[in-house]
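Just below is one structure, and these are the notes that go with it.
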Amino acid sequence: EPDLNLQAAAIAGGQDPPEFDLTGDGKVDIADREFWVNDLKNTWIGDANLDLEFNSSDMVQVFTAGKYETGEDATWGEGDWNADKKFGSGDMVAAFVAGGYEQGAKPAVSAVPEPSTICGAVVALLLALQRGRRRSDCR
């Protein structure tokens with residue numbers, strides 16, 4: 001959570017420190033927040049306790065903190081999911097639009113390398129040469 005809170009401070013302050021520019025576009029904004037949550041942590045916007053699920057325990061945690069619509073600074077664990085350093089209706093909208101409530105953990109993402117076009121072309125060429133040899137052997 002400390003990374004998310006530092007990132008929120010940079011976003012809210014209009015700062016663009018490169019260590020928080022996760023999308024590589026030269027600016028630190030909500031897209032970087034979403035990248036951290038979705039791609040690095042593989043969880044949901046709204047997962048206040050970062051247990052990889054967005055559910056009622058997260059809602060209890062953020063409402064128990066007592067910062068909803070107070071204007072007080074809030075952290076990720078206190079409901080600041082849209083990186084404005086407050087917990088309000090915008091955070092609730094962001095969380096529910098993301099669609100993870102009561103969906104359980106996201107499936108693990110495993111990268112399966114796709115064969116390159118060059119490899120495919122080489123294999124096709126070798127097969128064509130092999131077929132050509134068979135035909136010339138039959139004559």
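Chain identifiers are assigned as A, B, and so on, following the order in which chains appear in the structure tokens; residues are numbered from 1 within each chain, and ligands are numbered from 1 in order of appearance.
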message: So that I can see what lies close to stretch 86-100 of chain A, please list as a list in words the residues with an atom at most 8 Å from it, counting only C-alpha atoms and leaving out residues fewer than 3 positions away in the same chain.
response: Trp44, Ile45, Gly46, Glu53, Phe54, Lys67, Tyr68, Glu69, Thr70, Gly71, Glu72, Asp73, Ala74, Thr75, Glu78, Gly79, Asp80, Trp81, Asn82, Ala83, Gln103 and Gly104 of chain A
- request: May I ask which of the residues A:Asp84, A:Glu102, A:Asp29, A:Glu34 is the closest one to A:Ala12, counting only C-alpha atoms?
  value: A:Asp84
task: To one decimal in Å, tell me the separation between atom CA of A:Leu52 and atom CA of A:Gly24.
output: 24.9 Å
- prompt: Skipping near chain neighbours, those fewer than 2 positions away, what residues fall within 7 Å of A:Asp58 using only C-alpha atoms, listed as a ChimeraX atom specification?
  reply: /A:47-49,54-56,60-62
Distance query A:Trp36 at most 9 Å, only C-alpha atoms, self and fewer than 6 positions along chain excluded, as number ranges by chain: A: 4, 22, 42
message: Residues of stretch 17-124 of chain A classed as helix (DSSP H, G or I) by DSSP on the backbone are to be reported as an MDAnalysis selection string.
response: chainID A and resid 18:20 30:40 56:64 76:78 89:98 117:124
How would the residues just picked look written out with N, CA and C atoms as a CSV table (one decimal), in the first residue's frame?
chain,number,residue,atom,x,y,z
A,18,PRO,N,9.5,9.7,-12.5
A,18,PRO,CA,9.6,8.6,-13.4
A,18,PRO,C,9.3,7.2,-12.7
A,19,GLU,N,9.6,7.1,-11.4
A,19,GLU,CA,9.4,5.8,-10.8
A,19,GLU,C,7.9,5.4,-10.7
A,20,PHE,N,7.0,6.4,-10.9
A,20,PHE,CA,5.6,6.1,-10.8
A,20,PHE,C,4.9,6.1,-12.2
A,30,ILE,N,-4.0,8.5,-13.6
A,30,ILE,CA,-4.8,7.3,-13.2
A,30,ILE,C,-4.5,6.1,-14.0
A,31,ALA,N,-4.0,6.2,-15.2
A,31,ALA,CA,-3.6,5.0,-16.0
A,31,ALA,C,-2.5,4.3,-15.3
A,32,ASP,N,-1.6,5.0,-14.7
A,32,ASP,CA,-0.5,4.4,-13.9
A,32,ASP,C,-1.0,3.7,-12.7
A,33,ARG,N,-2.0,4.3,-12.1
A,33,ARG,CA,-2.7,3.6,-10.9
A,33,ARG,C,-3.3,2.3,-11.3
A,34,GLU,N,-4.0,2.4,-12.4
A,34,GLU,CA,-4.7,1.2,-12.9
A,34,GLU,C,-3.7,0.1,-13.3
A,35,PHE,N,-2.6,0.5,-13.9
A,35,PHE,CA,-1.5,-0.4,-14.3
A,35,PHE,C,-1.0,-1.1,-13.0
A,36,TRP,N,-0.7,-0.4,-12.0
A,36,TRP,CA,-0.2,-1.0,-10.7
A,36,TRP,C,-1.1,-2.0,-10.2
A,37,VAL,N,-2.4,-1.6,-10.1
A,37,VAL,CA,-3.4,-2.5,-9.5
A,37,VAL,C,-3.7,-3.7,-10.4
A,38,ASN,N,-4.0,-3.5,-11.7
A,38,ASN,CA,-4.4,-4.5,-12.6
A,38,ASN,C,-3.2,-5.4,-13.1
A,39,ASP,N,-2.1,-4.8,-13.4
A,39,ASP,CA,-1.0,-5.6,-14.1
A,39,ASP,C,0.1,-6.0,-13.1
A,40,LEU,N,0.5,-5.1,-12.2
A,40,LEU,CA,1.5,-5.5,-11.3
A,40,LEU,C,1.0,-6.3,-10.1
A,56,SER,N,-16.8,-7.7,0.6
A,56,SER,CA,-17.3,-6.9,1.7
A,56,SER,C,-16.3,-6.6,2.8
A,57,SER,N,-15.2,-7.4,2.9
A,57,SER,CA,-14.2,-7.0,3.9
A,57,SER,C,-13.5,-5.7,3.6
A,58,ASP,N,-13.4,-5.5,2.3
A,58,ASP,CA,-12.8,-4.2,1.9
A,58,ASP,C,-13.7,-3.0,2.2
A,59,MET,N,-15.0,-3.3,2.0
A,59,MET,CA,-16.0,-2.2,2.2
A,59,MET,C,-16.1,-1.9,3.7
A,60,VAL,N,-16.0,-3.0,4.6
A,60,VAL,CA,-16.0,-2.8,6.0
A,60,VAL,C,-14.8,-2.0,6.4
A,61,GLN,N,-13.6,-2.3,5.9
A,61,GLN,CA,-12.4,-1.6,6.2
A,61,GLN,C,-12.4,-0.1,5.9
A,62,VAL,N,-12.9,0.2,4.7
A,62,VAL,CA,-12.9,1.6,4.3
A,62,VAL,C,-13.9,2.4,5.0
A,63,PHE,N,-15.1,1.9,5.3
A,63,PHE,CA,-16.1,2.6,6.0
A,63,PHE,C,-15.8,2.7,7.5
A,64,THR,N,-15.1,1.7,8.0
A,64,THR,CA,-14.7,1.8,9.4
A,64,THR,C,-13.6,2.9,9.6
A,76,TRP,N,-5.0,4.5,0.2
A,76,TRP,CA,-5.7,3.4,-0.5
A,76,TRP,C,-6.5,2.5,0.4
A,77,GLY,N,-5.9,2.1,1.6
A,77,GLY,CA,-6.6,1.3,2.5
A,77,GLY,C,-7.8,1.9,3.2
A,78,GLU,N,-7.9,3.3,3.0
A,78,GLU,CA,-9.0,4.0,3.6
A,78,GLU,C,-10.0,4.4,2.5
A,89,SER,N,-17.5,9.5,-3.4
A,89,SER,CA,-18.3,8.8,-4.4
A,89,SER,C,-17.5,8.5,-5.7
A,90,GLY,N,-16.5,9.3,-6.0
A,90,GLY,CA,-15.7,9.0,-7.2
A,90,GLY,C,-14.9,7.7,-7.0
A,91,ASP,N,-14.5,7.4,-5.8
A,91,ASP,CA,-13.8,6.1,-5.5
A,91,ASP,C,-14.7,4.9,-5.7
A,92,MET,N,-15.9,5.1,-5.2
A,92,MET,CA,-16.9,4.0,-5.3
A,92,MET,C,-17.3,3.8,-6.7
A,93,VAL,N,-17.4,4.8,-7.5
A,93,VAL,CA,-17.7,4.7,-8.9
A,93,VAL,C,-16.6,3.9,-9.6
A,94,ALA,N,-15.3,4.4,-9.3
A,94,ALA,CA,-14.1,3.7,-9.9
A,94,ALA,C,-14.1,2.2,-9.6
A,95,ALA,N,-14.4,1.9,-8.4
A,95,ALA,CA,-14.3,0.5,-7.9
A,95,ALA,C,-15.4,-0.3,-8.6
A,96,PHE,N,-16.6,0.2,-8.6
A,96,PHE,CA,-17.7,-0.7,-9.2
A,96,PHE,C,-17.7,-0.7,-10.7
A,97,VAL,N,-17.2,0.3,-11.3
A,97,VAL,CA,-17.0,0.3,-12.8
A,97,VAL,C,-16.0,-0.7,-13.2
A,98,ALA,N,-14.9,-0.9,-12.4
A,98,ALA,CA,-13.9,-1.9,-12.7
A,98,ALA,C,-14.4,-3.3,-12.6
A,117,THR,N,6.8,-14.5,-36.5
A,117,THR,CA,6.5,-14.6,-37.9
A,117,THR,C,7.7,-15.2,-38.7
A,118,ILE,N,8.9,-14.8,-38.3
A,118,ILE,CA,10.1,-15.4,-38.9
A,118,ILE,C,10.2,-16.9,-38.7
A,119,CYS,N,10.0,-17.3,-37.5
A,119,CYS,CA,10.0,-18.7,-37.2
A,119,CYS,C,9.0,-19.5,-38.1
A,120,GLY,N,7.8,-18.9,-38.1
A,120,GLY,CA,6.7,-19.6,-38.9
A,120,GLY,C,7.1,-19.7,-40.4
A,121,ALA,N,7.7,-18.6,-40.9
A,121,ALA,CA,8.2,-18.6,-42.3
A,121,ALA,C,9.3,-19.6,-42.5
A,122,VAL,N,10.2,-19.7,-41.6
A,122,VAL,CA,11.3,-20.7,-41.7
A,122,VAL,C,10.7,-22.1,-41.7
A,123,VAL,N,9.8,-22.4,-40.8
A,123,VAL,CA,9.2,-23.8,-40.8
A,123,VAL,C,8.5,-24.0,-42.1
A,124,ALA,N,7.7,-23.1,-42.6
A,124,ALA,CA,7.0,-23.3,-43.8
A,124,ALA,C,7.9,-23.5,-45.0
